[in-house]
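Undergrad: Got a structure for you, coords15.pdb, holding PDB, C-alpha atoms.
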```pdb
ATOM      1  CA  MET A 336     117.807  31.578  54.509
ATOM      2  CA  THR A 337     118.373  28.344  52.604
ATOM      3  CA  ASP A 338     120.815  26.386  54.775
ATOM      4  CA  LYS A 339     119.945  22.724  55.212
ATOM      5  CA  LEU A 340     119.048  21.727  58.776
ATOM      6  CA  LEU A 341     121.347  18.913  59.911
ATOM      7  CA  ASN A 342     120.404  16.244  62.438
ATOM      8  CA  SER A 343     122.454  17.639  65.284
ATOM      9  CA  TYR A 344     124.634  20.558  66.360
ATOM     10  CA  ASP A 345     126.664  21.600  69.341
ATOM     11  CA  VAL A 346     124.296  24.533  69.791
ATOM     12  CA  VAL A 347     120.855  25.451  68.504
ATOM     13  CA  VAL A 348     120.154  29.178  68.665
ATOM     14  CA  ALA A 349     116.448  29.957  68.829
ATOM     15  CA  GLY A 350     115.901  33.343  67.190
ATOM     16  CA  GLY A 351     117.811  35.222  64.514
ATOM     17  CA  GLY A 352     117.935  38.782  65.804
ATOM     18  CA  ALA A 353     121.007  40.654  66.997
ATOM     19  CA  ALA A 354     121.430  38.534  70.137
ATOM     20  CA  GLY A 355     121.074  35.207  68.345
ATOM     21  CA  LEU A 356     123.306  36.073  65.420
ATOM     22  CA  ASN A 357     126.053  37.506  67.613
ATOM     23  CA  GLY A 358     125.908  34.449  69.867
ATOM     24  CA  ALA A 359     126.115  32.184  66.827
ATOM     25  CA  LEU A 360     129.035  34.211  65.462
ATOM     26  CA  MET A 361     131.024  33.694  68.655
ATOM     27  CA  LEU A 362     130.281  29.972  68.613
ATOM     28  CA  ALA A 363     131.072  29.499  64.930
ATOM     29  CA  ARG A 364     134.383  31.336  65.353
ATOM     30  CA  SER A 365     135.147  28.885  68.181
ATOM     31  CA  ARG A 366     134.646  26.050  65.657
ATOM     32  CA  ARG A 367     131.348  24.960  67.164
ATOM     33  CA  SER A 368     128.634  23.515  64.964
ATOM     34  CA  VAL A 369     125.770  25.958  65.363
ATOM     35  CA  VAL A 370     122.443  26.666  63.702
ATOM     36  CA  VAL A 371     120.243  29.724  64.083
ATOM     37  CA  ILE A 372     116.556  28.911  63.659
ATOM     38  CA  ASP A 373     114.733  32.115  62.805
ATOM     39  CA  ALA A 374     110.986  32.629  62.447
ATOM     40  CA  GLY A 375     111.633  35.862  60.528
ATOM     41  CA  ASP A 376     109.475  38.142  62.678
ATOM     42  CA  PRO A 377     111.817  40.676  64.314
ATOM     43  CA  ARG A 378     110.319  43.152  66.749
ATOM     44  CA  ASN A 379     111.811  46.179  64.985
ATOM     45  CA  THR A 380     110.431  45.363  61.523
ATOM     46  CA  PRO A 381     108.313  48.578  61.338
ATOM     47  CA  ALA A 382     111.270  50.810  62.206
ATOM     48  CA  SER A 383     113.068  52.602  59.385
ATOM     49  CA  GLY A 384     116.462  52.331  61.054
ATOM     50  CA  VAL A 385     118.429  51.021  64.022
ATOM     51  CA  HIS A 386     119.594  53.810  66.331
ATOM     52  CA  GLY A 387     122.131  54.120  69.105
ATOM     53  CA  LEU A 388     124.304  51.367  67.593
ATOM     54  CA  LEU A 389     127.857  52.568  67.067
ATOM     55  CA  GLY A 390     129.060  52.140  63.492
ATOM     56  CA  ARG A 391     125.602  51.163  62.224
ATOM     57  CA  GLU A 392     123.565  54.261  63.119
ATOM     58  CA  GLY A 393     120.381  54.485  61.054
ATOM     59  CA  MET A 394     120.906  51.198  59.194
ATOM     60  CA  PRO A 395     117.633  49.508  58.180
ATOM     61  CA  PRO A 396     116.973  46.545  60.520
ATOM     62  CA  ALA A 397     116.683  44.049  57.652
ATOM     63  CA  GLU A 398     120.060  45.128  56.285
ATOM     64  CA  LEU A 399     121.728  44.701  59.670
ATOM     65  CA  LEU A 400     120.324  41.174  60.020
ATOM     66  CA  ALA A 401     121.371  40.246  56.489
ATOM     67  CA  LEU A 402     124.947  41.276  57.318
ATOM     68  CA  GLY A 403     124.806  39.251  60.527
ATOM     69  CA  ARG A 404     123.576  36.130  58.757
ATOM     70  CA  ALA A 405     126.371  36.427  56.204
ATOM     71  CA  GLU A 406     128.964  36.748  58.978
ATOM     72  CA  VAL A 407     127.668  33.638  60.770
ATOM     73  CA  ARG A 408     127.772  31.645  57.524
ATOM     74  CA  GLN A 409     131.289  32.932  56.808
ATOM     75  CA  TYR A 410     132.519  30.804  59.734
ATOM     76  CA  GLY A 411     130.454  27.723  58.914
ATOM     77  CA  GLY A 412     127.341  28.446  60.980
ATOM     78  CA  HIS A 413     123.909  27.706  59.559
ATOM     79  CA  VAL A 414     120.847  29.961  59.482
ATOM     80  CA  VAL A 415     117.527  28.209  58.864
ATOM     81  CA  GLN A 416     114.058  29.658  58.403
ATOM     82  CA  GLY A 417     111.559  28.075  60.768
ATOM     83  CA  GLU A 418     109.454  28.459  63.882
ATOM     84  CA  ILE A 419     110.310  26.378  66.924
ATOM     85  CA  ALA A 420     107.279  24.599  68.357
ATOM     86  CA  SER A 421     108.850  22.761  71.297
ATOM     87  CA  ALA A 422     112.043  21.710  73.036
ATOM     88  CA  ARG A 423     112.583  18.748  75.321
ATOM     89  CA  ARG A 424     115.415  17.100  77.198
ATOM     90  CA  GLU A 425     116.895  13.982  75.617
ATOM     91  CA  GLU A 426     117.588  11.844  78.656
ATOM     92  CA  GLU A 427     120.102   9.489  77.049
ATOM     93  CA  SER A 428     122.478  12.188  75.833
ATOM     94  CA  GLY A 429     121.576  14.932  78.302
ATOM     95  CA  GLY A 430     121.088  17.281  75.371
ATOM     96  CA  PHE A 431     117.948  18.563  73.713
ATOM     97  CA  VAL A 432     115.561  17.818  70.885
ATOM     98  CA  VAL A 433     114.117  20.911  69.210
ATOM     99  CA  THR A 434     111.036  20.438  67.037
ATOM    100  CA  LEU A 435     109.901  22.960  64.438
ATOM    101  CA  ALA A 436     106.320  23.792  63.552
ATOM    102  CA  ASP A 437     106.724  22.062  60.173
ATOM    103  CA  GLY A 438     107.692  18.775  61.859
ATOM    104  CA  ARG A 439     111.458  18.936  61.400
ATOM    105  CA  SER A 440     113.570  18.231  64.463
ATOM    106  CA  VAL A 441     117.199  18.731  65.458
ATOM    107  CA  ARG A 442     119.349  17.678  68.398
ATOM    108  CA  ALA A 443     121.584  20.036  70.331
ATOM    109  CA  ARG A 444     124.032  19.760  73.212
ATOM    110  CA  ARG A 445     123.163  23.285  74.354
ATOM    111  CA  LEU A 446     120.427  25.847  73.642
ATOM    112  CA  LEU A 447     120.683  29.620  73.311
ATOM    113  CA  VAL A 448     117.258  31.284  73.459
ATOM    114  CA  THR A 449     117.097  34.680  71.750
ATOM    115  CA  THR A 450     113.493  34.755  70.544
ATOM    116  CA  GLY A 451     112.825  38.301  71.737
ATOM    117  CA  LEU A 452     109.498  39.626  72.903
ATOM    118  CA  SER A 453     106.043  40.687  71.791
ATOM    119  CA  ASP A 454     104.673  44.144  72.536
ATOM    120  CA  GLU A 455     101.138  44.154  73.935
ATOM    121  CA  LEU A 456      99.433  47.468  73.200
ATOM    122  CA  PRO A 457      96.308  49.038  74.701
ATOM    123  CA  ALA A 458      93.126  48.182  72.798
ATOM    124  CA  ILE A 459      92.857  51.516  70.989
ATOM    125  CA  PRO A 460      91.910  51.478  67.292
ATOM    126  CA  GLY A 461      94.802  52.360  65.016
ATOM    127  CA  LEU A 462      97.530  51.992  67.625
ATOM    128  CA  ARG A 463      98.996  48.707  66.376
ATOM    129  CA  GLU A 464      99.017  49.827  62.750
ATOM    130  CA  ARG A 465     101.194  52.848  63.545
ATOM    131  CA  PHE A 466     103.465  51.186  66.090
ATOM    132  CA  GLY A 467     107.135  51.696  65.230
ATOM    133  CA  ARG A 468     106.318  54.661  63.002
ATOM    134  CA  ASP A 469     104.733  57.604  64.854
ATOM    135  CA  VAL A 470     103.444  55.473  67.742
ATOM    136  CA  LEU A 471     106.646  54.876  69.695
ATOM    137  CA  HIS A 472     107.884  53.182  72.841
ATOM    138  CA  CYS A 473     111.541  54.176  73.278
ATOM    139  CA  PRO A 474     113.017  57.700  73.349
ATOM    140  CA  TYR A 475     116.479  56.328  72.627
ATOM    141  CA  CYS A 476     115.303  54.310  69.607
ATOM    142  CA  HIS A 477     113.012  56.935  68.068
ATOM    143  CA  GLY A 478     113.310  60.154  70.053
ATOM    144  CA  TRP A 479     115.649  62.115  67.790
ATOM    145  CA  GLU A 480     113.338  61.478  64.837
ATOM    146  CA  VAL A 481     110.423  63.220  66.619
ATOM    147  CA  ARG A 482     112.430  66.001  68.271
ATOM    148  CA  ASP A 483     110.612  69.336  68.575
ATOM    149  CA  GLN A 484     107.350  67.747  67.414
ATOM    150  CA  ALA A 485     104.040  67.696  69.276
ATOM    151  CA  ILE A 486     104.410  64.507  71.322
ATOM    152  CA  GLY A 487     101.772  62.697  73.339
ATOM    153  CA  ILE A 488     102.373  60.222  76.159
ATOM    154  CA  LEU A 489      99.691  57.579  76.673
ATOM    155  CA  ALA A 490      99.483  56.483  80.310
ATOM    156  CA  SER A 491      99.580  52.736  79.749
ATOM    157  CA  GLY A 492     101.975  51.216  82.263
ATOM    158  CA  PRO A 493     104.426  51.753  85.115
ATOM    159  CA  MET A 494     106.964  53.374  82.760
ATOM    160  CA  SER A 495     104.620  56.071  81.419
ATOM    161  CA  MET A 496     105.767  58.826  83.776
ATOM    162  CA  HIS A 497     109.374  57.973  83.017
ATOM    163  CA  GLN A 498     108.570  58.203  79.302
ATOM    164  CA  ALA A 499     106.994  61.616  79.760
ATOM    165  CA  LEU A 500     110.089  63.042  81.432
ATOM    166  CA  LEU A 501     112.446  61.502  78.866
ATOM    167  CA  PHE A 502     110.478  62.697  75.838
ATOM    168  CA  ARG A 503     110.288  66.169  77.405
ATOM    169  CA  GLN A 504     114.065  66.272  76.889
ATOM    170  CA  LEU A 505     113.371  66.080  73.155
ATOM    171  CA  SER A 506     110.463  68.503  72.764
ATOM    172  CA  ALA A 507     108.913  71.428  74.603
ATOM    173  CA  ASP A 508     105.435  70.351  73.448
ATOM    174  CA  VAL A 509     104.515  67.218  75.400
ATOM    175  CA  VAL A 510     101.013  66.196  76.523
ATOM    176  CA  TYR A 511     100.342  63.408  79.031
ATOM    177  CA  PHE A 512      97.089  61.526  78.391
ATOM    178  CA  THR A 513      95.854  59.912  81.605
ATOM    179  CA  HIS A 514      93.618  57.497  79.628
ATOM    180  CA  THR A 515      92.417  54.744  82.029
ATOM    181  CA  ALA A 516      95.443  54.749  84.335
ATOM    182  CA  ALA A 517      95.320  55.308  88.092
ATOM    183  CA  PRO A 518      95.193  58.976  89.095
ATOM    184  CA  LEU A 519      98.502  60.801  89.163
ATOM    185  CA  THR A 520     100.053  61.299  92.574
ATOM    186  CA  ASP A 521     100.735  64.813  93.847
ATOM    187  CA  GLU A 522     104.450  64.233  93.246
ATOM    188  CA  GLU A 523     103.868  63.142  89.650
ATOM    189  CA  ARG A 524     101.652  66.138  88.940
ATOM    190  CA  ALA A 525     104.313  68.424  90.395
ATOM    191  CA  GLN A 526     107.002  66.868  88.201
ATOM    192  CA  LEU A 527     104.933  67.225  85.018
ATOM    193  CA  ALA A 528     103.967  70.782  85.866
ATOM    194  CA  ALA A 529     107.559  71.730  86.633
ATOM    195  CA  ARG A 530     108.640  70.430  83.232
ATOM    196  CA  GLY A 531     105.791  72.092  81.366
ATOM    197  CA  VAL A 532     104.020  68.840  80.418
ATOM    198  CA  ARG A 533     100.282  69.385  79.969
ATOM    199  CA  VAL A 534      97.941  66.750  81.403
ATOM    200  CA  GLU A 535      94.823  65.722  79.470
ATOM    201  CA  ALA A 536      92.303  63.717  81.467
ATOM    202  CA  GLY A 537      89.912  61.256  79.896
ATOM    203  CA  GLU A 538      90.003  57.986  78.000
ATOM    204  CA  VAL A 539      91.717  57.883  74.614
ATOM    205  CA  THR A 540      89.416  56.243  72.046
ATOM    206  CA  GLY A 541      91.331  56.556  68.803
ATOM    207  CA  LEU A 542      93.846  58.308  66.603
ATOM    208  CA  GLU A 543      93.464  60.886  63.871
ATOM    209  CA  VAL A 544      95.599  60.241  60.790
ATOM    210  CA  THR A 545      96.136  62.672  57.923
ATOM    211  CA  GLY A 546      98.049  61.627  54.815
ATOM    212  CA  ASP A 547      99.393  58.511  56.563
ATOM    213  CA  ARG A 548     100.758  60.591  59.412
ATOM    214  CA  LEU A 549      99.475  60.835  62.963
ATOM    215  CA  SER A 550      97.756  64.182  63.397
ATOM    216  CA  GLY A 551      95.817  63.865  66.648
ATOM    217  CA  VAL A 552      94.618  61.853  69.613
ATOM    218  CA  ARG A 553      90.861  61.452  70.048
ATOM    219  CA  LEU A 554      89.306  61.484  73.524
ATOM    220  CA  ALA A 555      86.039  59.954  74.717
ATOM    221  CA  ASP A 556      84.401  63.395  75.000
ATOM    222  CA  GLY A 557      84.952  63.959  71.263
ATOM    223  CA  ARG A 558      87.882  66.322  71.509
ATOM    224  CA  VAL A 559      90.939  65.771  69.326
ATOM    225  CA  VAL A 560      94.300  66.903  70.683
ATOM    226  CA  ALA A 561      96.719  67.626  67.848
ATOM    227  CA  ARG A 562      99.816  65.395  68.120
ATOM    228  CA  GLU A 563     102.488  64.275  65.668
ATOM    229  CA  ALA A 564     103.835  61.367  67.722
ATOM    230  CA  LEU A 565     102.497  59.243  70.572
ATOM    231  CA  ALA A 566     104.628  57.345  73.076
ATOM    232  CA  VAL A 567     103.152  54.168  74.541
ATOM    233  CA  ALA A 568     104.594  52.009  77.310
ATOM    234  CA  THR A 569     103.834  48.521  76.000
ATOM    235  CA  ARG A 570     103.566  45.369  78.068
ATOM    236  CA  MET A 571     106.547  43.323  76.889
ATOM    237  CA  VAL A 572     106.178  39.541  76.920
ATOM    238  CA  ALA A 573     109.018  37.121  76.174
ATOM    239  CA  ARG A 574     108.396  34.758  73.258
ATOM    240  CA  ALA A 575     109.110  31.606  75.214
ATOM    241  CA  GLY A 576     106.100  29.286  75.018
ATOM    242  CA  PHE A 577     108.131  26.611  73.228
ATOM    243  CA  LEU A 578     110.210  26.155  76.403
ATOM    244  CA  ASP A 579     107.299  24.733  78.416
ATOM    245  CA  GLY A 580     108.516  21.181  77.802
ATOM    246  CA  LEU A 581     111.725  22.047  79.646
ATOM    247  CA  GLY A 582     109.859  23.518  82.591
ATOM    248  CA  LEU A 583     111.163  26.964  81.706
ATOM    249  CA  LYS A 584     108.547  29.699  81.720
ATOM    250  CA  ALA A 585     108.560  33.466  81.499
ATOM    251  CA  VAL A 586     107.881  35.190  84.814
ATOM    252  CA  GLU A 587     106.736  38.671  85.764
ATOM    253  CA  HIS A 588     109.481  41.273  85.528
ATOM    254  CA  PRO A 589     110.307  42.975  88.869
ATOM    255  CA  MET A 590     109.445  46.378  87.369
ATOM    256  CA  GLY A 591     105.974  45.237  86.327
ATOM    257  CA  VAL A 592     106.601  45.905  82.633
ATOM    258  CA  GLY A 593     105.952  42.389  81.342
ATOM    259  CA  GLU A 594     107.308  38.839  81.445
ATOM    260  CA  HIS A 595     110.893  37.678  80.899
ATOM    261  CA  ILE A 596     113.166  34.642  81.252
ATOM    262  CA  PRO A 597     115.481  35.315  84.221
ATOM    263  CA  VAL A 598     119.195  34.657  83.689
ATOM    264  CA  ASP A 599     122.360  35.027  85.729
ATOM    265  CA  ALA A 600     125.278  37.272  84.814
ATOM    266  CA  ALA A 601     126.546  34.655  82.346
ATOM    267  CA  GLY A 602     123.187  34.311  80.609
ATOM    268  CA  ARG A 603     122.338  30.939  82.176
ATOM    269  CA  THR A 604     118.700  30.126  82.851
ATOM    270  CA  GLU A 605     117.525  27.913  85.699
ATOM    271  CA  VAL A 606     117.538  24.921  83.308
ATOM    272  CA  ALA A 607     120.970  23.348  82.864
ATOM    273  CA  GLY A 608     122.263  23.667  79.328
ATOM    274  CA  VAL A 609     119.964  26.542  78.383
ATOM    275  CA  TRP A 610     121.134  30.140  78.031
ATOM    276  CA  ALA A 611     119.064  33.194  77.081
ATOM    277  CA  ALA A 612     120.028  36.628  75.771
ATOM    278  CA  GLY A 613     118.495  39.752  74.301
ATOM    279  CA  ASN A 614     114.939  40.935  74.837
ATOM    280  CA  VAL A 615     113.698  37.504  75.913
ATOM    281  CA  SER A 616     115.598  38.046  79.164
ATOM    282  CA  ASP A 617     116.267  41.812  79.176
ATOM    283  CA  LEU A 618     113.000  43.432  78.128
ATOM    284  CA  MET A 619     114.410  46.928  77.714
ATOM    285  CA  ALA A 620     117.666  46.111  75.901
ATOM    286  CA  GLN A 621     118.337  47.948  72.650
ATOM    287  CA  VAL A 622     119.996  46.272  69.672
ATOM    288  CA  GLY A 623     123.549  46.936  70.872
ATOM    289  CA  ALA A 624     122.923  45.558  74.348
ATOM    290  CA  SER A 625     121.131  42.527  72.910
ATOM    291  CA  ALA A 626     124.019  41.793  70.554
ATOM    292  CA  ALA A 627     126.519  42.122  73.405
ATOM    293  CA  ALA A 628     124.487  39.767  75.602
ATOM    294  CA  GLY A 629     124.326  37.253  72.765
ATOM    295  CA  ALA A 630     128.079  37.406  72.269
ATOM    296  CA  ALA A 631     128.694  36.912  75.987
ATOM    297  CA  ALA A 632     126.293  33.971  76.145
ATOM    298  CA  GLY A 633     127.928  32.385  73.102
ATOM    299  CA  ALA A 634     131.325  32.619  74.761
ATOM    300  CA  GLN A 635     129.941  31.133  77.984
ATOM    301  CA  ILE A 636     128.368  28.224  76.106
ATOM    302  CA  ASN A 637     131.629  27.468  74.324
ATOM    303  CA  ALA A 638     133.498  27.534  77.644
ATOM    304  CA  ASP A 639     130.888  25.224  79.181
ATOM    305  CA  LEU A 640     131.312  22.748  76.326
ATOM    306  CA  VAL A 641     135.110  22.950  76.592
ATOM    307  CA  MET A 642     134.945  22.048  80.288
ATOM    308  CA  ALA A 643     132.554  19.172  79.612
ATOM    309  CA  GLU A 644     134.842  17.830  76.885
ATOM    310  CA  THR A 645     137.857  18.209  79.173
ATOM    311  CA  ARG A 646     136.159  16.200  81.905
ATOM    312  CA  GLU A 647     135.363  13.476  79.381
ATOM    313  CA  ALA A 648     138.962  13.457  78.136
ATOM    314  CA  VAL A 649     140.337  13.160  81.661
ATOM    315  CA  ALA A 650     137.926  10.302  82.420
ATOM    316  CA  ALA A 651     138.953   8.529  79.221
ATOM    317  CA  LEU A 652     142.560   8.523  80.374
ATOM    318  CA  GLY A 653     141.451   6.311  83.254
TER
END
```
Have the structure of the file written as structure tokens, please.
TA:
Amino acid sequence: MTDKLLNSYDVVVAGGGAAGLNGALMLARSRRSVVVIDAGDPRNTPASGVHGLLGREGMPPAELLALGRAEVRQYGGHVVQGEIASARREEESGGFVVTLADGRSVRARRLLVTTGLSDELPAIPGLRERFGRDVLHCPYCHGWEVRDQAIGILASGPMSMHQALLFRQLSADVVYFTHTAAPLTDEERAQLAARGVRVEAGEVTGLEVTGDRLSGVRLADGRVVAREALAVATRMVARAGFLDGLGLKAVEHPMGVGEHIPVDAAGRTEVAGVWAAGNVSDLMAQVGASAAAGAAAGAQINADLVMAETREAVAALG
């Protein structure tokens, strides 16, 4: 990413994942000046491939992003390496000033926020290091790759029971680790029993790894339950701290799974001139859904700018 950052653009896109690049592509094809500012820390970095994306099934995430950056540049868009530190309203123009961590700044008429999310994991040794490999969060992203294996489900959030039932579709050998979660209800126990999911009570204290592969889950009583994969419901938190200067903050998701930036059906946030798309607003969106949301937001931003320019043109006619 070597594009020079200009002084101003029609649109600054914060984040260079699928949502940001697809939004930028729509804008660039509409002859908008657009820059994608990308910190280079995509959520799916540990994954070997992107799954469930038609026409790109199994493609390495870095390869998909490289193709996206090339497509944006093909239409005159810029992609710049950098981390956004803050954004503020520029009162005189009504637009925005975006400042990067290295001190550079850029002006924009509109903002598209696609900075994604961070996964907060339970404080269990070894969990973070294996996340995205054999410690998993999504049956649709990783489930096929662990089909018919010995799968564990770590009770770590409101989606854990849902995970257990979904992963049971992929393997007959599923164990639910209650860990430190609230006791299962009678209905939940009945569901797990009916599906043949074994319940292991007790706190999980660590993982067993053999030859760089997960081989077991260690409990506080010293027992090790052999497992080849472990599903964890992470707490997902939107990467949105740089928006504080605009009065835009992530809020608790209605499902209790983390914090997101709420948007309307067009991708608009509560702050005029700011749109959001992808995991920063839809915590559970896969790559395809994030890209689609970015494309839709890009189209909406272009339409918003067209209407603003039309109003100005009409006023100029007197």
Undergrad: For a cutoff of 10 Å around the file-coordinate point (120.0, 22.7, 83.8), which residues qualify once you count all atoms listed in the file? I'd like the result as a list in words.
TA: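 Counting all atoms listed in the file, I find these residues within 10 Å of (120.0, 22.7, 83.8): Arg424, Gly429, Arg445, Leu581, Arg603, Thr604, Glu605, Val606, Ala607, Gly608, Val609 and Trp610 of chain A.
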Undergrad: Find the residues around region 528-531 of chain A up to 8 Å (all atoms listed in the file counted), leave out those fewer than 6 positions away in its own chain, and share them as a list of chain:residue names.
TA: A:Leu500, A:Arg503, A:Ala507, A:Val509
Undergrad: Using all atoms listed in the file, find the one residue out of A:Gly438, A:Pro381, A:Gly411, A:Gly390 that sits nearest to Glu464 (chain A).
TA: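 Comparing A:Gly438, A:Pro381, A:Gly411, A:Gly390 against Glu464 (chain A), the winner is A:Pro381.
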Undergrad: For Leu618 (chain A), find every residue with an atom within 10 Å (counting all atoms listed in the file), except residues of its own chain fewer than 3 positions away, and show them as a list in words.
TA: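 The neighbour list is Gly451, Leu452, Ser453, Arg570, Met571, Val572, Ala573, His588, Val592, Gly593, Glu594, His595, Ile596, Gly613, Asn614, Val615, Gln621 and Ser625 of chain A.
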Undergrad: Could you work out how far CA of Glu563 (chain A) lies from CA of Gly551 (chain A), giving the answer in Å with one decimal?
TA: 6.8 Å
Undergrad: Any idea what the distance is between CA of Gly430 (chain A) and CA of Ser365 (chain A)?
TA: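 Calculated distance between CA of Gly430 (chain A) and CA of Ser365 (chain A) is 19.6 Å.
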Undergrad: Tell me, in Å to one decimal, how far CA of Gly352 (chain A) is from CA of Ala401 (chain A).
TA: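 Calculated distance between CA of Gly352 (chain A) and CA of Ala401 (chain A) is 10.0 Å.
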Undergrad: I need the output of the PyMOL selection byres ((chain A and resi 432-434) around 7) for this file as a list in words; which residues are they?
TA: Ile419, Ala420, Ser421, Ala422, Arg423, Arg424, Glu425, Phe431, Leu435, Ala436, Gly438, Arg439, Ser440, Val441, Arg442 and Ala443 of chain A
Undergrad: Give me a file of those residues, with C-alpha atoms, as a compact mmCIF listing (two decimals), keeping the file's coordinate frame.
TA:
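Output file part-v9.txt is given in full below:
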```
# COMPACT_ATOMS: atom_id res chain seq x y z
CA ILE A 419 110.31 26.38 66.92
CA ALA A 420 107.28 24.60 68.36
CA SER A 421 108.85 22.76 71.30
CA ALA A 422 112.04 21.71 73.04
CA ARG A 423 112.58 18.75 75.32
CA ARG A 424 115.42 17.10 77.20
CA GLU A 425 116.90 13.98 75.62
CA PHE A 431 117.95 18.56 73.71
CA LEU A 435 109.90 22.96 64.44
CA ALA A 436 106.32 23.79 63.55
CA GLY A 438 107.69 18.77 61.86
CA ARG A 439 111.46 18.94 61.40
CA SER A 440 113.57 18.23 64.46
CA VAL A 441 117.20 18.73 65.46
CA ARG A 442 119.35 17.68 68.40
CA ALA A 443 121.58 20.04 70.33
```
Undergrad: For the structure shown, which residues end up in the PyMOL selection byres ((chain A and resi 338) around 10)? Put them as a PyMOL selection string, please?
TA: chain A and resi 336-337+339-341+370-371+408+412-416
Undergrad: Given the choices A:Asp556, A:Glu480, A:Glu426, A:Glu535, which gets closest to Val385 (chain A) if the distance is worked out from only C-alpha atoms?
TA: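 That would be A:Glu480, the residue with the smallest distance to Val385 (chain A).
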Undergrad: Within 6 Å of (121.4, 31.8, 69.3) (file coordinates; all atoms listed in the file), which protein or nucleic acid residues are there? I'd like them as a list in words.
TA: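 Here the neighbourhood of the point contains Val348, Ala349, Gly355, Gly358, Ala359, Val371, Leu447, Val448 and Thr449 of chain A.
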Undergrad: Is it possible to get the axis-aligned box enclosing region 579-584 of chain A (all listed atoms, 6 Å extra per side) as JSON, with centre and edge lengths in Å rounded to one decimal?
TA:
```
{"center_x": 109.5, "center_y": 25.4, "center_z": 80.2, "size_x": 16.4, "size_y": 20.5, "size_z": 16.8}
```
Undergrad: Counting only C-alpha atoms, figure out which residue out of A:Leu527, A:Val586, A:Met642, A:Val560 gets nearest to Leu542 (chain A).
TA: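 Closest to Leu542 (chain A) of all the choices is A:Val560.
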Undergrad: From the list A:Ala564, A:His386, A:Pro377, A:Arg366, which residue is nearest Gln409 (chain A) when using all atoms listed in the file?
TA: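 The shortest atom-to-atom distance to Gln409 (chain A) comes from A:Arg366.
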Undergrad: Expand the PyMOL selection byres ((chain A and resi 489) around 8) into the explicit residue set it covers here, and present it as a list in words.
TA: Gly487, Ile488, Ala490, Ser491, Ser495, Tyr511, Phe512, Thr513, His514, Leu565, Ala566, Val567 and Ala568 of chain A
